[in-house]
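*Asks:* Have a look at the structure that comes next, please.
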Amino acid sequence: MKVSTFRALKVKSRLDGSNPTPLYKQLQTLIRQAIESGAFKVEDALPSERDIASELEVSRVTVRKAVQGLVRDGLLVQRHGAGTFVASRMEQPLSKLTSFTEDITARGMQPSVVWVERATGLATPEEAMALNLSPGVGVSRLHRIRCADGKALAIELATVPQEFLPDPLVVEDSLYSVLDKSGLRPLRALQRLRAELLQPTQADLLGVPVGGPTLYIERRSFLPDMRPIEFTRSHYRGDSYDFIAELYLDSRD
Ligand code: 16G
């Protein structure tokens with residue numbers, strides 16, 4: 001990334017000295033937005049503190065404070081002797097019901113899928129329980145490796161009742177876009193997260209060492225009429241993802 005990228009994004013004219021928010025915080029927000037919108041890409045090197053300061057006509061202290069905050073939040077990483085880079089960890093809000101394809105595209109990266117299996121079968125007791133089905137009802141299963149810019153980030157096993165997805169082969173990239181086209185986009189979901197250690201087959205699929213950390217996530221999604229439509233079990237690479245949740249004080253008490 002060059003200082004001209006800051007110019008293209010009109011960062012200088014968006015900094016407002018008369019705003020009560022300190023300049024370094026404003027700059028932080030603008031850099032954060034540029035990362036989230038994909039204008040600053042993963043592994044892009046930030047120009048030097050001096051170059052940014054002179055381009056934006058702010059002090060080097062302002063730039064340093066902005067950068068330090070983003071390093072603390074995990075959006076930027078500093079490598080000794082090499083500079084500051086856009087971090088490759090992903091931040092995903094836990095409160096938005098988005099698809100993997102949407103999350104990765106929103107970060108300016110290219111999502112892709114490596115299929116492990118796409119098949120129909122009979123619901124296992126666990127699937128039947130999660131999807132509120134009678135045991136033995138037909139389901140479609142999508143087992144795949146989810147990648148961003150070619151890097152494997154997660155292994156996912158999605159189970160959808162065959163009633164809603166009779167043929168799993170129609171899903172080529174995005175499950176949610178297929179469901180969307182049939183008017184079956186989930187409206188609400190429940191997620192359960194826990195830390196696990198990668199088993200040999202999982203580590204192999206993700207191309208990381210056996211026994212490394214993984215974030216296991218189960219998502220049960222529901223249609224507007226509350227019928228469960230999806231039960232997905234995912235293993236995310238522990239070194240690549242941050243799931244973030246925004247919390248509010250419950251004002252109803
Ligand atoms: C996300 C969901 C997963 C869903 C998938 C659909 C989590 C933990 N999981 O990976 O439940 O099936 O998106 O993505 O967020 P797609 O439309 O790109 O196939």
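Chain labels follow the order of the structure tokens: the first chain is A, the next B, and so on; residue numbering restarts at 1 in every chain, and ligands are counted from 1 in their shown order.
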Within 7 Å of ligand 1, counting only C-alpha atoms and all ligand atoms: which residues, as a PyMOL selection string?

*Replies:* chain A and resi 98-102+158+173-177+217-219+232+234

*Asks:* Write the residues you've just listed into a file as an mmCIF file, in the first residue's frame, and include C-alpha atoms for each of them.

*Replies:*
```cif
data_model
loop_
_atom_site.group_PDB
_atom_site.id
_atom_site.type_symbol
_atom_site.label_atom_id
_atom_site.label_comp_id
_atom_site.auth_asym_id
_atom_site.auth_seq_id
_atom_site.Cartn_x
_atom_site.Cartn_y
_atom_site.Cartn_z
ATOM 1 C CA THR A 98 -24.102 -13.747 7.402
ATOM 2 C CA SER A 99 -22.705 -16.492 5.214
ATOM 3 C CA PHE A 100 -19.058 -17.408 4.794
ATOM 4 C CA THR A 101 -19.178 -16.176 1.189
ATOM 5 C CA GLU A 102 -20.526 -12.797 2.285
ATOM 6 C CA ALA A 158 -23.779 -28.446 7.010
ATOM 7 C CA ASP A 173 -20.363 -22.054 -3.800
ATOM 8 C CA SER A 174 -22.852 -20.586 -1.359
ATOM 9 C CA LEU A 175 -25.513 -22.521 0.541
ATOM 10 C CA TYR A 176 -27.219 -19.312 1.639
ATOM 11 C CA SER A 177 -27.535 -17.993 -1.911
ATOM 12 C CA ILE A 217 -18.863 -23.749 16.161
ATOM 13 C CA GLU A 218 -22.307 -25.231 15.823
ATOM 14 C CA ARG A 219 -24.938 -23.121 14.110
ATOM 15 C CA THR A 232 -23.721 -26.728 10.680
ATOM 16 C CA SER A 234 -17.492 -25.950 11.736
#
```

*Asks:* If you run DSSP on the backbone, which residues of stretch 45-252 of chain A are helix (DSSP H, G or I), as JSON, numbers by chain?

*Replies:* {"A": [49, 50, 51, 52, 53, 54, 55, 56, 60, 61, 62, 63, 64, 65, 66, 67, 68, 69, 70, 71, 72, 100, 101, 102, 103, 104, 105, 106, 125, 126, 127, 128, 129, 130, 131, 168, 169, 170, 175, 176, 177, 178, 179, 180, 181, 200, 201, 202, 203, 204, 205, 206]}

*Asks:* Take the residues from that selection and put them in a file with N, CA and C atoms, as a short mmCIF file (atom, residue, chain, number, x, y, z; two decimals), in the first residue's frame.

*Replies:*
```cif
data_model
loop_
_atom_site.label_atom_id
_atom_site.label_comp_id
_atom_site.auth_asym_id
_atom_site.auth_seq_id
_atom_site.Cartn_x
_atom_site.Cartn_y
_atom_site.Cartn_z
N GLU A 49 5.37 5.61 9.32
CA GLU A 49 4.70 6.60 10.17
C GLU A 49 4.96 8.02 9.64
N ARG A 50 6.21 8.25 9.22
CA ARG A 50 6.56 9.59 8.75
C ARG A 50 5.78 9.94 7.48
N ASP A 51 5.70 8.98 6.54
CA ASP A 51 5.01 9.24 5.27
C ASP A 51 3.51 9.47 5.50
N ILE A 52 2.93 8.69 6.39
CA ILE A 52 1.49 8.88 6.64
C ILE A 52 1.27 10.25 7.27
N ALA A 53 2.14 10.59 8.25
CA ALA A 53 1.98 11.88 8.94
C ALA A 53 2.09 13.03 7.96
N SER A 54 3.06 12.97 7.02
CA SER A 54 3.21 14.11 6.11
C SER A 54 2.09 14.14 5.07
N GLU A 55 1.62 12.97 4.64
CA GLU A 55 0.50 12.94 3.70
C GLU A 55 -0.77 13.54 4.33
N LEU A 56 -1.00 13.19 5.60
CA LEU A 56 -2.26 13.61 6.24
C LEU A 56 -2.12 14.93 6.99
N ARG A 60 3.34 12.80 13.96
CA ARG A 60 3.70 11.37 13.97
C ARG A 60 3.12 10.68 15.19
N VAL A 61 2.96 11.44 16.28
CA VAL A 61 2.38 10.85 17.50
C VAL A 61 0.93 10.40 17.22
N THR A 62 0.20 11.22 16.46
CA THR A 62 -1.18 10.86 16.11
C THR A 62 -1.20 9.55 15.34
N VAL A 63 -0.32 9.44 14.34
CA VAL A 63 -0.27 8.22 13.53
C VAL A 63 0.12 7.03 14.42
N ARG A 64 1.13 7.25 15.28
CA ARG A 64 1.61 6.15 16.11
C ARG A 64 0.49 5.64 17.03
N LYS A 65 -0.23 6.59 17.64
CA LYS A 65 -1.31 6.17 18.56
C LYS A 65 -2.42 5.42 17.82
N ALA A 66 -2.73 5.89 16.61
CA ALA A 66 -3.78 5.22 15.82
C ALA A 66 -3.34 3.79 15.50
N VAL A 67 -2.09 3.67 15.06
CA VAL A 67 -1.58 2.36 14.65
C VAL A 67 -1.50 1.43 15.87
N GLN A 68 -1.01 1.96 16.99
CA GLN A 68 -0.86 1.10 18.18
C GLN A 68 -2.20 0.52 18.62
N GLY A 69 -3.25 1.34 18.55
CA GLY A 69 -4.59 0.85 18.95
C GLY A 69 -5.04 -0.28 18.04
N LEU A 70 -4.76 -0.13 16.75
CA LEU A 70 -5.20 -1.16 15.79
C LEU A 70 -4.36 -2.43 15.94
N VAL A 71 -3.11 -2.25 16.36
CA VAL A 71 -2.26 -3.42 16.62
C VAL A 71 -2.83 -4.17 17.83
N ARG A 72 -3.21 -3.39 18.86
CA ARG A 72 -3.81 -4.01 20.07
C ARG A 72 -5.09 -4.77 19.73
N PHE A 100 -20.51 -17.44 4.97
CA PHE A 100 -19.06 -17.41 4.79
C PHE A 100 -18.71 -16.61 3.54
N THR A 101 -19.45 -16.87 2.46
CA THR A 101 -19.18 -16.18 1.19
C THR A 101 -19.29 -14.66 1.37
N GLU A 102 -20.33 -14.24 2.07
CA GLU A 102 -20.53 -12.80 2.29
C GLU A 102 -19.41 -12.22 3.17
N ASP A 103 -19.05 -12.96 4.23
CA ASP A 103 -18.01 -12.45 5.15
C ASP A 103 -16.69 -12.25 4.42
N ILE A 104 -16.32 -13.22 3.61
CA ILE A 104 -15.02 -13.15 2.95
C ILE A 104 -15.04 -12.09 1.85
N THR A 105 -16.13 -12.03 1.08
CA THR A 105 -16.23 -11.04 0.01
C THR A 105 -16.18 -9.62 0.60
N ALA A 106 -16.84 -9.43 1.75
CA ALA A 106 -16.86 -8.11 2.38
C ALA A 106 -15.45 -7.66 2.78
N PRO A 125 -29.16 -39.38 14.92
CA PRO A 125 -29.90 -38.89 16.09
C PRO A 125 -29.50 -37.45 16.45
N GLU A 126 -28.21 -37.10 16.33
CA GLU A 126 -27.78 -35.73 16.66
C GLU A 126 -28.39 -34.71 15.71
N GLU A 127 -28.37 -35.04 14.40
CA GLU A 127 -28.95 -34.12 13.40
C GLU A 127 -30.46 -33.99 13.60
N ALA A 128 -31.11 -35.14 13.87
CA ALA A 128 -32.56 -35.14 14.05
C ALA A 128 -32.93 -34.24 15.23
N MET A 129 -32.15 -34.34 16.30
CA MET A 129 -32.42 -33.53 17.48
C MET A 129 -32.22 -32.05 17.16
N ALA A 130 -31.10 -31.73 16.50
CA ALA A 130 -30.78 -30.33 16.21
C ALA A 130 -31.79 -29.71 15.25
N LEU A 131 -32.29 -30.52 14.32
CA LEU A 131 -33.17 -29.98 13.28
C LEU A 131 -34.65 -30.26 13.56
N PRO A 168 -28.20 -31.82 -2.85
CA PRO A 168 -27.06 -31.02 -2.37
C PRO A 168 -26.14 -30.57 -3.51
N LEU A 169 -26.22 -31.24 -4.67
CA LEU A 169 -25.32 -30.87 -5.77
C LEU A 169 -25.63 -29.49 -6.35
N VAL A 170 -26.81 -28.95 -6.03
CA VAL A 170 -27.11 -27.61 -6.57
C VAL A 170 -26.28 -26.53 -5.86
N LEU A 175 -24.25 -21.90 0.11
CA LEU A 175 -25.51 -22.52 0.54
C LEU A 175 -26.59 -21.46 0.72
N TYR A 176 -26.21 -20.33 1.35
CA TYR A 176 -27.22 -19.31 1.64
C TYR A 176 -27.79 -18.69 0.36
N SER A 177 -26.97 -18.59 -0.69
CA SER A 177 -27.54 -17.99 -1.91
C SER A 177 -28.53 -18.97 -2.54
N VAL A 178 -28.26 -20.29 -2.43
CA VAL A 178 -29.22 -21.28 -2.95
C VAL A 178 -30.51 -21.21 -2.14
N LEU A 179 -30.38 -21.14 -0.81
CA LEU A 179 -31.59 -21.07 0.04
C LEU A 179 -32.36 -19.78 -0.24
N ASP A 180 -31.59 -18.69 -0.41
CA ASP A 180 -32.18 -17.39 -0.69
C ASP A 180 -33.06 -17.45 -1.94
N LYS A 181 -32.53 -18.10 -2.99
CA LYS A 181 -33.27 -18.18 -4.26
C LYS A 181 -34.58 -18.93 -4.10
N PRO A 200 -6.35 -35.55 13.69
CA PRO A 200 -5.49 -35.70 12.51
C PRO A 200 -6.18 -35.42 11.17
N THR A 201 -7.40 -35.95 10.96
CA THR A 201 -8.05 -35.74 9.65
C THR A 201 -8.36 -34.25 9.44
N GLN A 202 -8.80 -33.59 10.51
CA GLN A 202 -9.13 -32.16 10.39
C GLN A 202 -7.87 -31.35 10.10
N ALA A 203 -6.80 -31.66 10.83
CA ALA A 203 -5.54 -30.92 10.65
C ALA A 203 -5.06 -31.08 9.21
N ASP A 204 -5.23 -32.31 8.70
CA ASP A 204 -4.82 -32.61 7.35
C ASP A 204 -5.61 -31.76 6.34
N LEU A 205 -6.93 -31.67 6.55
CA LEU A 205 -7.77 -30.90 5.63
C LEU A 205 -7.41 -29.41 5.67
N LEU A 206 -7.04 -28.92 6.86
CA LEU A 206 -6.72 -27.48 6.99
C LEU A 206 -5.24 -27.20 6.70
#
```

*Asks:* Near A:Tyr216, counting only C-alpha atoms, which residues have an atom at most 6 Å away, once you skip same-chain residues fewer than 3 positions from it, shown as a PDB file with all heavy atoms, in the first residue's frame?

*Replies:*
```pdb
ATOM      1  N   LEU A 193     -20.139 -22.215  20.745  1.00  0.00           N
ATOM      2  CA  LEU A 193     -18.712 -22.215  20.402  1.00  0.00           C
ATOM      3  C   LEU A 193     -17.909 -22.892  21.506  1.00  0.00           C
ATOM      4  O   LEU A 193     -18.233 -22.714  22.684  1.00  0.00           O
ATOM      5  CB  LEU A 193     -18.168 -20.781  20.304  1.00  0.00           C
ATOM      6  CG  LEU A 193     -18.622 -19.857  19.208  1.00  0.00           C
ATOM      7  CD1 LEU A 193     -19.961 -19.257  19.520  1.00  0.00           C
ATOM      8  CD2 LEU A 193     -17.602 -18.750  19.014  1.00  0.00           C
ATOM      9  N   ARG A 194     -16.898 -23.630  21.125  1.00  0.00           N
ATOM     10  CA  ARG A 194     -15.964 -24.125  22.136  1.00  0.00           C
ATOM     11  C   ARG A 194     -14.593 -24.381  21.504  1.00  0.00           C
ATOM     12  O   ARG A 194     -14.478 -24.564  20.287  1.00  0.00           O
ATOM     13  CB  ARG A 194     -16.495 -25.371  22.833  1.00  0.00           C
ATOM     14  CG  ARG A 194     -16.641 -26.579  21.953  1.00  0.00           C
ATOM     15  CD  ARG A 194     -16.974 -27.830  22.772  1.00  0.00           C
ATOM     16  NE  ARG A 194     -17.276 -28.940  21.896  1.00  0.00           N
ATOM     17  CZ  ARG A 194     -18.510 -29.347  21.598  1.00  0.00           C
ATOM     18  NH1 ARG A 194     -19.556 -28.734  22.086  1.00  0.00           N
ATOM     19  NH2 ARG A 194     -18.685 -30.365  20.779  1.00  0.00           N
ATOM     20  N   ALA A 195     -13.586 -24.365  22.368  1.00  0.00           N
ATOM     21  CA  ALA A 195     -12.228 -24.632  21.882  1.00  0.00           C
ATOM     22  C   ALA A 195     -12.020 -26.139  21.826  1.00  0.00           C
ATOM     23  O   ALA A 195     -12.495 -26.863  22.693  1.00  0.00           O
ATOM     24  CB  ALA A 195     -11.219 -24.002  22.831  1.00  0.00           C
ATOM     25  N   SER A 234     -18.691 -26.486  12.399  1.00  0.00           N
ATOM     26  CA  SER A 234     -17.492 -25.950  11.736  1.00  0.00           C
ATOM     27  C   SER A 234     -16.288 -25.999  12.664  1.00  0.00           C
ATOM     28  O   SER A 234     -16.426 -25.808  13.868  1.00  0.00           O
ATOM     29  CB  SER A 234     -17.677 -24.472  11.363  1.00  0.00           C
ATOM     30  OG  SER A 234     -18.940 -24.241  10.824  1.00  0.00           O
ATOM     31  N   HIS A 235     -15.139 -26.226  12.066  1.00  0.00           N
ATOM     32  CA  HIS A 235     -13.872 -26.110  12.796  1.00  0.00           C
ATOM     33  C   HIS A 235     -13.059 -25.015  12.125  1.00  0.00           C
ATOM     34  O   HIS A 235     -12.662 -25.162  10.965  1.00  0.00           O
ATOM     35  CB  HIS A 235     -13.096 -27.429  12.767  1.00  0.00           C
ATOM     36  CG  HIS A 235     -13.686 -28.460  13.674  1.00  0.00           C
ATOM     37  ND1 HIS A 235     -14.664 -29.330  13.269  1.00  0.00           N
ATOM     38  CD2 HIS A 235     -13.450 -28.721  14.998  1.00  0.00           C
ATOM     39  CE1 HIS A 235     -15.000 -30.100  14.313  1.00  0.00           C
ATOM     40  NE2 HIS A 235     -14.292 -29.748  15.350  1.00  0.00           N
TER      41      HIS A 235
END
```

*Asks:* Env of stretch 31-48 of chain A: 7 Å cut, atoms = only C-alpha atoms, seq-sep filter 6 positions within chain, self excluded. Answer as a PyMOL selection string.

*Replies:* chain A and resi 1-3+83-88+106-108

*Asks:* Excluding A:Pro166 and its own-chain neighbours fewer than 5 positions away, which residues fall within 8 Å of it when counting only C-alpha atoms? Please give them as a PyMOL selection string.

*Replies:* chain A and resi 139-140+161

*Asks:* Find the residue from A:Tyr236, A:Phe164, A:Phe222, A:Pro213 that sits nearest to A:Arg146; use only C-alpha atoms when measuring.

*Replies:*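 Distance minimum relative to A:Arg146 lands on A:Tyr236.
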
*Asks:* At what distance in Å, to one decimal, does atom CA of A:Gln162 lie from atom CA of A:Met226?

*Replies:*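 About the pair atom CA of A:Met226 and atom CA of A:Gln162: they are 16.9 Å apart.
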
*Asks:* Residues of stretch 140-238 of chain A in strand (DSSP E or B) according to DSSP, as a PyMOL selection string?

*Replies:* chain A and resi 140-148+151-161+188-197+213-222+228-237

*Asks:* Please save N, CA and C atoms of the selected residues as a short mmCIF file (atom, residue, chain, number, x, y, z; two decimals), in the first residue's frame.

*Replies:*
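File produced: out04.cif:
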```cif
data_model
loop_
_atom_site.label_atom_id
_atom_site.label_comp_id
_atom_site.auth_asym_id
_atom_site.auth_seq_id
_atom_site.Cartn_x
_atom_site.Cartn_y
_atom_site.Cartn_z
N SER A 140 -29.72 -33.46 3.40
CA SER A 140 -28.59 -33.21 2.49
C SER A 140 -27.42 -32.77 3.33
N ARG A 141 -26.25 -33.32 3.03
CA ARG A 141 -25.05 -32.92 3.79
C ARG A 141 -24.03 -32.29 2.85
N LEU A 142 -23.46 -31.17 3.33
CA LEU A 142 -22.43 -30.47 2.56
C LEU A 142 -21.18 -30.43 3.44
N HIS A 143 -20.19 -31.17 3.05
CA HIS A 143 -18.95 -31.23 3.83
C HIS A 143 -17.88 -30.56 2.99
N ARG A 144 -17.34 -29.46 3.48
CA ARG A 144 -16.39 -28.73 2.62
C ARG A 144 -15.35 -27.96 3.41
N ILE A 145 -14.29 -27.62 2.72
CA ILE A 145 -13.25 -26.75 3.29
C ILE A 145 -13.53 -25.36 2.75
N ARG A 146 -13.59 -24.38 3.63
CA ARG A 146 -13.87 -23.01 3.23
C ARG A 146 -12.55 -22.24 3.18
N CYS A 147 -12.31 -21.58 2.05
CA CYS A 147 -11.02 -20.89 1.86
C CYS A 147 -11.24 -19.41 1.55
N ALA A 148 -10.23 -18.62 1.88
CA ALA A 148 -10.20 -17.21 1.50
C ALA A 148 -8.87 -16.97 0.81
N LYS A 151 -6.54 -19.81 0.95
CA LYS A 151 -6.06 -20.36 2.22
C LYS A 151 -7.23 -21.02 2.97
N ALA A 152 -7.03 -22.28 3.39
CA ALA A 152 -8.10 -22.99 4.10
C ALA A 152 -8.29 -22.37 5.48
N LEU A 153 -9.53 -21.96 5.78
CA LEU A 153 -9.81 -21.32 7.07
C LEU A 153 -10.68 -22.17 7.98
N ALA A 154 -11.55 -22.96 7.39
CA ALA A 154 -12.48 -23.73 8.22
C ALA A 154 -12.94 -24.98 7.48
N ILE A 155 -13.31 -26.00 8.28
CA ILE A 155 -13.97 -27.18 7.72
C ILE A 155 -15.41 -27.09 8.19
N GLU A 156 -16.33 -27.33 7.28
CA GLU A 156 -17.73 -27.16 7.63
C GLU A 156 -18.54 -28.38 7.20
N LEU A 157 -19.40 -28.84 8.09
CA LEU A 157 -20.34 -29.89 7.72
C LEU A 157 -21.74 -29.35 7.97
N ALA A 158 -22.43 -29.01 6.89
CA ALA A 158 -23.78 -28.45 7.01
C ALA A 158 -24.79 -29.54 6.70
N THR A 159 -25.81 -29.63 7.54
CA THR A 159 -26.90 -30.58 7.29
C THR A 159 -28.19 -29.79 7.14
N VAL A 160 -28.89 -30.03 6.03
CA VAL A 160 -30.14 -29.32 5.74
C VAL A 160 -31.21 -30.39 5.45
N PRO A 161 -32.40 -30.28 6.04
CA PRO A 161 -33.43 -31.27 5.73
C PRO A 161 -33.66 -31.34 4.22
N ARG A 188 -32.78 -16.35 11.71
CA ARG A 188 -32.30 -16.31 13.07
C ARG A 188 -31.42 -17.54 13.25
N ALA A 189 -30.42 -17.45 14.12
CA ALA A 189 -29.59 -18.63 14.36
C ALA A 189 -29.11 -18.67 15.79
N LEU A 190 -28.82 -19.86 16.25
CA LEU A 190 -28.21 -20.04 17.57
C LEU A 190 -26.84 -20.65 17.33
N GLN A 191 -25.83 -20.10 18.00
CA GLN A 191 -24.49 -20.67 17.83
C GLN A 191 -23.92 -21.09 19.17
N ARG A 192 -23.20 -22.18 19.12
CA ARG A 192 -22.49 -22.66 20.30
C ARG A 192 -21.02 -22.77 19.91
N LEU A 193 -20.14 -22.22 20.75
CA LEU A 193 -18.71 -22.21 20.40
C LEU A 193 -17.91 -22.89 21.51
N ARG A 194 -16.90 -23.63 21.13
CA ARG A 194 -15.96 -24.13 22.14
C ARG A 194 -14.59 -24.38 21.50
N ALA A 195 -13.59 -24.37 22.37
CA ALA A 195 -12.23 -24.63 21.88
C ALA A 195 -12.02 -26.14 21.83
N GLU A 196 -11.34 -26.58 20.78
CA GLU A 196 -10.99 -28.01 20.68
C GLU A 196 -9.58 -28.12 20.12
N LEU A 197 -9.06 -29.33 20.16
CA LEU A 197 -7.76 -29.57 19.52
C LEU A 197 -8.04 -30.30 18.21
N PRO A 213 -4.87 -25.61 17.98
CA PRO A 213 -6.17 -25.18 18.48
C PRO A 213 -7.17 -24.95 17.35
N THR A 214 -8.42 -25.25 17.61
CA THR A 214 -9.47 -24.94 16.65
C THR A 214 -10.68 -24.42 17.43
N LEU A 215 -11.41 -23.56 16.78
CA LEU A 215 -12.65 -23.07 17.38
C LEU A 215 -13.77 -23.88 16.74
N TYR A 216 -14.47 -24.64 17.55
CA TYR A 216 -15.58 -25.46 17.04
C TYR A 216 -16.86 -24.64 17.20
N ILE A 217 -17.62 -24.52 16.11
CA ILE A 217 -18.86 -23.75 16.16
C ILE A 217 -20.00 -24.57 15.59
N GLU A 218 -21.08 -24.61 16.33
CA GLU A 218 -22.31 -25.23 15.82
C GLU A 218 -23.31 -24.13 15.56
N ARG A 219 -23.89 -24.12 14.39
CA ARG A 219 -24.94 -23.12 14.11
C ARG A 219 -26.24 -23.84 13.76
N ARG A 220 -27.29 -23.49 14.45
CA ARG A 220 -28.64 -23.96 14.08
C ARG A 220 -29.39 -22.74 13.60
N SER A 221 -29.85 -22.77 12.35
CA SER A 221 -30.54 -21.61 11.79
C SER A 221 -32.00 -21.93 11.59
N PHE A 222 -32.79 -20.88 11.66
CA PHE A 222 -34.25 -21.05 11.59
C PHE A 222 -34.86 -20.15 10.54
N PRO A 228 -36.35 -25.24 11.91
CA PRO A 228 -34.89 -25.28 11.73
C PRO A 228 -34.56 -25.65 10.29
N ILE A 229 -33.62 -24.92 9.70
CA ILE A 229 -33.27 -25.20 8.31
C ILE A 229 -31.83 -25.69 8.16
N GLU A 230 -31.00 -25.42 9.15
CA GLU A 230 -29.59 -25.76 8.99
C GLU A 230 -28.97 -26.15 10.32
N PHE A 231 -28.16 -27.19 10.28
CA PHE A 231 -27.34 -27.55 11.45
C PHE A 231 -25.93 -27.69 10.91
N THR A 232 -25.07 -26.73 11.25
CA THR A 232 -23.72 -26.73 10.68
C THR A 232 -22.67 -26.80 11.77
N ARG A 233 -21.76 -27.75 11.58
CA ARG A 233 -20.66 -27.90 12.53
C ARG A 233 -19.37 -27.47 11.83
N SER A 234 -18.69 -26.49 12.40
CA SER A 234 -17.49 -25.95 11.74
C SER A 234 -16.29 -26.00 12.66
N HIS A 235 -15.14 -26.23 12.07
CA HIS A 235 -13.87 -26.11 12.80
C HIS A 235 -13.06 -25.02 12.13
N TYR A 236 -12.89 -23.91 12.84
CA TYR A 236 -12.12 -22.77 12.31
C TYR A 236 -10.68 -22.88 12.77
N ARG A 237 -9.76 -22.46 11.92
CA ARG A 237 -8.35 -22.41 12.34
C ARG A 237 -8.23 -21.46 13.52
#
```

*Asks:* Using only C-alpha atoms, which residue out of A:Thr21, A:Val77, A:Ser95, A:Val11 lies closest to A:Ala245?

*Replies:*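 Looking at the shortest contact to A:Ala245, the residue is A:Ser95.
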